[in-house]
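**Q** Submitted below is the structure of interest, expressed as structure tokens.
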Amino acid sequence: MRIAIELDYNGGRWHATGNGVRVSAPDLAGLDRRIEAALAESGDFHAGDQVLAAMTVRRVVLPSWLAQYAGHYFNRRARLTVAPQPERRGNKG
Amino acid sequence: MSDSNRRWYDGMVSTEDWWSVWLGLALFAAGFASIWGWDLVGWMVEPGTWAIGGPGHWLKMTGYADWPPLAGLVVTYLVFTVLVGLGAAAMRFDLRRFFAAWTALFALTWVLWIVGHEAHFAATVNKFDQYGIGWGLSFGGGFSYILAVVVGLVLANFCKPVARFLREAARPEWFIKVAIVFMGVKIGLKSMQAASSVFELALASAAAAFVVYLLIWPVMYWAGRRLFKLPRDAAAVLSSGISICGVSAAIATGGAIRARPTLPAAVAMLIVVFAVFELLILPGFYAAFFPHEPIVNGAALGMTVKTDGADAAAGGILNQLMVADAANRGLDWSGGWILNAAIMTKLWIDIFIGVWAFILAVLWTRHVEGGAREAAVSKSEIWFRFPKFILAYIVAWFAYLAIATLAPALIGAASQGAEIVEGAMRHFFFMLTFVSLGLITDFSKLRGMGRLAVFYGAGLIVFIAPLAYAVAWLFHHGMTPAALRVAGG
């Protein structure tokens, strides 16, 4: 399964939006974990589902005066595993 | 509307890189129309050499001989205002502020360009009698370039409100990319005259750029980590910025290693400031100490001076200084070969940026700190980082090469439009670049850079500049503008 996510960076945090997800974290590894949790909460996925998240970074993450030097920061693809729902984790425990 | 790059054509109307393609190609096409007998670029004006109270015209038409030059200047303003305005609107600049700043920048640029052509600054020794002067600096057109950078710097550092106002339109990389597309016309013209020399120069530049890539980056990264104790991400971004191609490479590397965008942004300011030091010092240094190696000097600048704008500025100044010096010695080194050496080397470096960033992204995300979740790096990253203005440069170059190969009878007609585009228009965009480069360079931004600034300065002086010169000498030794012209027939 494949989803599209757009990344932004401000206030010292990465922000992810798309596919009903809207989360933020100080680093990309933390952001991945939050997306996995948000997908679980959306109800559209099941725990353990493998998702390929195609993440595109908005050009505005760079200051406007730098736009003339580079029109692209990066895109990344992350293999995410939808997190177990909190209540299920409680049941298992 | 999304402002990220998802599909291959994203950014075609919203990025400055693509707008340098559209502006460059529009004016290339206007010049190219001369093969059908249409002069669509003859409205352009250019400064002439003049002397205070003496002979010479400070402004002259490039094409339409019956037009008064002031009318040409008005049309020049209108045409370029419409063109950059289209780009500004598509890129969603604040149009009211942009037009005000653009108009002021246009006026300032022309004043400096004309003043720089005063005979005491520009005339070579053999022209002193012609202008009725007894002394002069003999800088050729290079004095205008130096004046443009210096006035920009003075405004940026001592008249900050004025600089802030002008910065809305001061886009040195955008302007220089358009000028480099015009360089494609220039190299196309040269291909019509001396094809084998152009390819020899292009191959030598590619080889030199490739060797420098392989040698400098690993050493600078090692020095950053071991000697200056920089964090991994800062060492990587700075190494690319200092050893590859300045700001673009720093941003590409920051993206490749998934760094916070604030890191390449900080490094970018450092690069811009150091690049201005380089462009002010190196052309005069090379011209004074290596007066018999013009092409080596040009190629060395291409590998040493970071950012396309500063490299072109340095190459332009070096070209003018060395051509004027050669003229004083009775040699003809005209034709822009020295500048071409500086630009071609830099273009190869620009082309490699995307490939280098891709390799770095693969290594970094797999082996350094990407984490288990990172999937394979998409090859589309190479395309998104590819400098698109080079496509227009190649189109312009090969269009004229095709004329030379397939329809040599049209060379005369083709040259008529091409000479205005690669001459007056290119010089105008160079001047815009140099004024803008000064305007965005605020030396106070170096405060607090500490270790990064020392690392940059030391690496540049001790390692990069000497090595780049050695590599340039290895691949370009013995080439002179006169020899290249003769070799090309």
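Simple scheme: letters A, B, ... for chains in structure tokens order, numbers from 1 for residues in each chain, numbers from 1 for ligands in the order shown.
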What are the closest atom pairs, with distances in Å to one decimal, for all residues of chain B lying within 7 Å of chain A? Consider only C-alpha atoms, order rows by chain and residue number, and present the result as a tab-separated table.
**A**
```
residue	atom	partner	partner_atom	distance
B:Asp3	CA	A:Arg58	CA	5.5
B:Ser4	CA	A:Arg58	CA	4.3
B:Asn5	CA	A:Thr56	CA	6.5
B:Arg6	CA	A:Thr56	CA	6.6
B:Thr15	CA	A:Gly71	CA	6.0
B:Glu16	CA	A:Gln68	CA	5.4
B:Asp17	CA	A:Gln68	CA	6.6
B:Arg171	CA	A:Gln68	CA	6.9
B:Glu173	CA	A:Gln68	CA	5.6
B:Trp174	CA	A:Gln68	CA	5.7
B:Val247	CA	A:Tyr69	CA	6.4
B:Ser248	CA	A:Tyr69	CA	5.2
B:Ile251	CA	A:Tyr73	CA	6.6
B:Ala252	CA	A:Tyr73	CA	6.5
B:Gly255	CA	A:Phe74	CA	4.9
B:Ala256	CA	A:Phe74	CA	6.7
B:Pro261	CA	A:Leu62	CA	6.1
B:Ala265	CA	A:Leu62	CA	7.0
B:Arg373	CA	A:Arg79	CA	5.0
B:Glu374	CA	A:Ala78	CA	4.5
B:Ala375	CA	A:Ala78	CA	5.2
B:Val377	CA	A:Arg76	CA	6.7
B:Phe384	CA	A:His72	CA	6.3
B:Arg385	CA	A:His72	CA	6.3
```
**Q** With only C-alpha atoms as the counted atoms, please give the residues lying no more than 9 Å from segment 195-210 of chain B, apart from itself and same-chain residues fewer than 2 positions off, as a VMD selection string.
**A** chain B and resid 187 to 188 190 to 193 212 to 215 244 299 302 to 303 340 to 342 344 to 349 352 401 468 471 to 472 474 to 476 479 483 to 489
**Q** The selected residues should be written to file as a short mmCIF file (atom, residue, chain, number, x, y, z; two decimals), in the first residue's frame (atoms: C-alpha atoms).
**A**
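Final file, out11.cif:
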```
data_model
loop_
_atom_site.label_atom_id
_atom_site.label_comp_id
_atom_site.auth_asym_id
_atom_site.auth_seq_id
_atom_site.Cartn_x
_atom_site.Cartn_y
_atom_site.Cartn_z
CA ILE B 187 29.90 28.98 -27.19
CA GLY B 188 27.66 28.16 -30.17
CA LYS B 190 32.61 29.87 -31.15
CA SER B 191 31.67 26.41 -32.36
CA MET B 192 30.90 27.99 -35.72
CA GLN B 193 34.40 29.48 -35.73
CA VAL B 212 38.60 17.84 -8.18
CA TYR B 213 35.37 16.24 -6.97
CA LEU B 214 37.10 13.01 -6.10
CA LEU B 215 40.04 14.65 -4.38
CA ILE B 244 31.81 21.24 -4.98
CA ALA B 299 39.51 26.93 -15.08
CA GLY B 302 35.72 27.62 -11.92
CA MET B 303 36.93 25.08 -9.38
CA ASN B 340 34.39 30.29 -20.97
CA ALA B 341 36.99 28.20 -19.16
CA ALA B 342 35.67 29.44 -15.79
CA MET B 344 32.49 25.43 -18.41
CA THR B 345 34.32 23.98 -15.42
CA LYS B 346 31.58 25.26 -13.13
CA LEU B 347 28.83 23.83 -15.37
CA TRP B 348 30.35 20.36 -15.19
CA ILE B 349 30.49 20.69 -11.44
CA PHE B 352 27.57 16.38 -11.15
CA LEU B 401 26.51 24.22 -33.91
CA ALA B 468 42.32 23.39 -7.96
CA VAL B 471 44.44 20.32 -11.53
CA ALA B 472 43.58 23.22 -13.84
CA LEU B 474 47.34 19.68 -15.52
CA PHE B 475 44.42 19.78 -17.95
CA HIS B 476 44.68 23.28 -19.48
CA MET B 479 46.10 26.82 -23.83
CA ALA B 483 46.10 29.25 -29.68
CA LEU B 484 42.49 28.08 -29.33
CA ARG B 485 41.39 30.38 -32.14
CA VAL B 486 44.17 29.13 -34.41
CA ALA B 487 43.58 25.46 -33.53
CA GLY B 488 39.94 25.87 -34.42
CA GLY B 489 40.83 27.31 -37.77
#
```
**Q** Which residues are near Ser42 of chain A? Cut-off 8 Å, only C-alpha atoms, ignore same chain within fewer than 4 positions. Put them as a short mmCIF file (atom, residue, chain, number, x, y, z; two decimals) with N, CA and C atoms, in the first residue's frame.
**A**
```
data_model
loop_
_atom_site.label_atom_id
_atom_site.label_comp_id
_atom_site.auth_asym_id
_atom_site.auth_seq_id
_atom_site.Cartn_x
_atom_site.Cartn_y
_atom_site.Cartn_z
N GLY A 20 -4.97 12.06 5.58
CA GLY A 20 -5.62 12.19 6.88
C GLY A 20 -4.65 12.29 8.05
N VAL A 21 -3.37 12.29 7.76
CA VAL A 21 -2.35 12.35 8.81
C VAL A 21 -1.93 13.80 9.01
N ALA A 38 -0.57 7.43 13.69
CA ALA A 38 -1.71 8.17 13.14
C ALA A 38 -2.48 7.32 12.13
#
```
**Q** When you look at Cys245 of chain B with a cut-off of 6 Å (counting only C-alpha atoms), what residues show up, excluding the ones that are within fewer than 2 positions of it in the same chain? I need them as a count of residues only.
**A** 4
**Q** Enumerate, in order of chain and increasing residue number, the residues of segment 397-433 of chain B with an atom no farther than 12 Å from segment 104-128 of chain B, each with its shortest atom pair and distance in Å to one decimal, counting only C-alpha atoms, as a tab-separated table.
**A**
```
residue	atom	partner	partner_atom	distance
B:Ala424	CA	B:Trp113	CA	11.2
B:His427	CA	B:Trp113	CA	9.3
B:Phe428	CA	B:Thr109	CA	8.1
B:Phe429	CA	B:Thr109	CA	9.5
B:Phe430	CA	B:Thr109	CA	9.9
B:Met431	CA	B:Thr109	CA	6.3
B:Leu432	CA	B:Thr109	CA	6.1
B:Thr433	CA	B:Thr109	CA	9.4
```
**Q** Please return, as a ChimeraX atom specification, all residues of segment 9-141 of chain B that DSSP assigns to strand (DSSP E or B) on the basis of the backbone.
**A** /B:45-46,50,56,60-61,118
**Q** Could the residues in this selection be saved with C-alpha atoms as a PDB file, in the first residue's frame?
**A**
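Once written, out_23.pdb looks like this:
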```pdb
ATOM      1  CA  VAL B  45      21.518  49.227 -25.982  1.00  0.00           C
ATOM      2  CA  GLU B  46      25.021  48.935 -24.549  1.00  0.00           C
ATOM      3  CA  TRP B  50      33.734  57.503 -23.315  1.00  0.00           C
ATOM      4  CA  GLY B  56      33.096  58.537 -27.316  1.00  0.00           C
ATOM      5  CA  LYS B  60      24.904  53.142 -28.172  1.00  0.00           C
ATOM      6  CA  MET B  61      22.458  50.944 -30.067  1.00  0.00           C
ATOM      7  CA  GLU B 118      34.798  55.864 -18.698  1.00  0.00           C
TER       8      GLU B 118
END
```
**Q** Write down as an MDAnalysis selection string the residues belonging to segment 223-349 of chain B that are assigned helix (DSSP H, G or I) by DSSP computed on the backbone.
**A** chainID B and resid 223:226 232:256 262:289 294:304 308:328 337:349
**Q** Which residues are close to segment 93-97 of chain B, i.e. within 10 Å by only C-alpha atoms, leaving aside same-chain residues fewer than 4 positions away? Reply as a list of chain:residue names.
**A**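 The contact residues come out as A:Ser64, B:Gly85, B:Leu86, B:Gly87, B:Ala88, B:Ala89, B:Ala101, B:Trp102, B:Phe165, B:Leu166, B:Arg167, B:Glu168, B:Ala169.
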**Q** Any chance you could export the current selection's C-alpha atoms as a PDB file, in the first residue's frame?
**A**
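Saved result, result-v9.pdb, follows:
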```
ATOM      1  CA  SER A  64      13.089  32.309   0.031  1.00  0.00           C
TER       2      SER A  64
ATOM      3  CA  GLY B  85       7.807  40.374 -14.252  1.00  0.00           C
ATOM      4  CA  LEU B  86       6.251  37.277 -15.824  1.00  0.00           C
ATOM      5  CA  GLY B  87       8.673  35.144 -13.842  1.00  0.00           C
ATOM      6  CA  ALA B  88       8.059  37.100 -10.656  1.00  0.00           C
ATOM      7  CA  ALA B  89       4.289  36.734 -11.050  1.00  0.00           C
ATOM      8  CA  ALA B 101      13.099  47.190  -6.488  1.00  0.00           C
ATOM      9  CA  TRP B 102      13.652  45.962 -10.055  1.00  0.00           C
ATOM     10  CA  PHE B 165      14.584  47.325  -0.467  1.00  0.00           C
ATOM     11  CA  LEU B 166      16.697  46.279  -3.476  1.00  0.00           C
ATOM     12  CA  ARG B 167      17.002  42.645  -2.338  1.00  0.00           C
ATOM     13  CA  GLU B 168      13.406  42.009  -3.402  1.00  0.00           C
ATOM     14  CA  ALA B 169      14.739  41.998  -6.990  1.00  0.00           C
TER      15      ALA B 169
END
```
**Q** Grab the atom CA of Phe28 of chain B to atom CA of Thr49 of chain B distance for me, in Å with one decimal place.
**A**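 It comes out at 26.3 Å.
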**Q** Find the distance between atom CA of Val21 of chain B and atom CA of Phe80 of chain B and write it in Å to one decimal.
**A** 14.7 Å
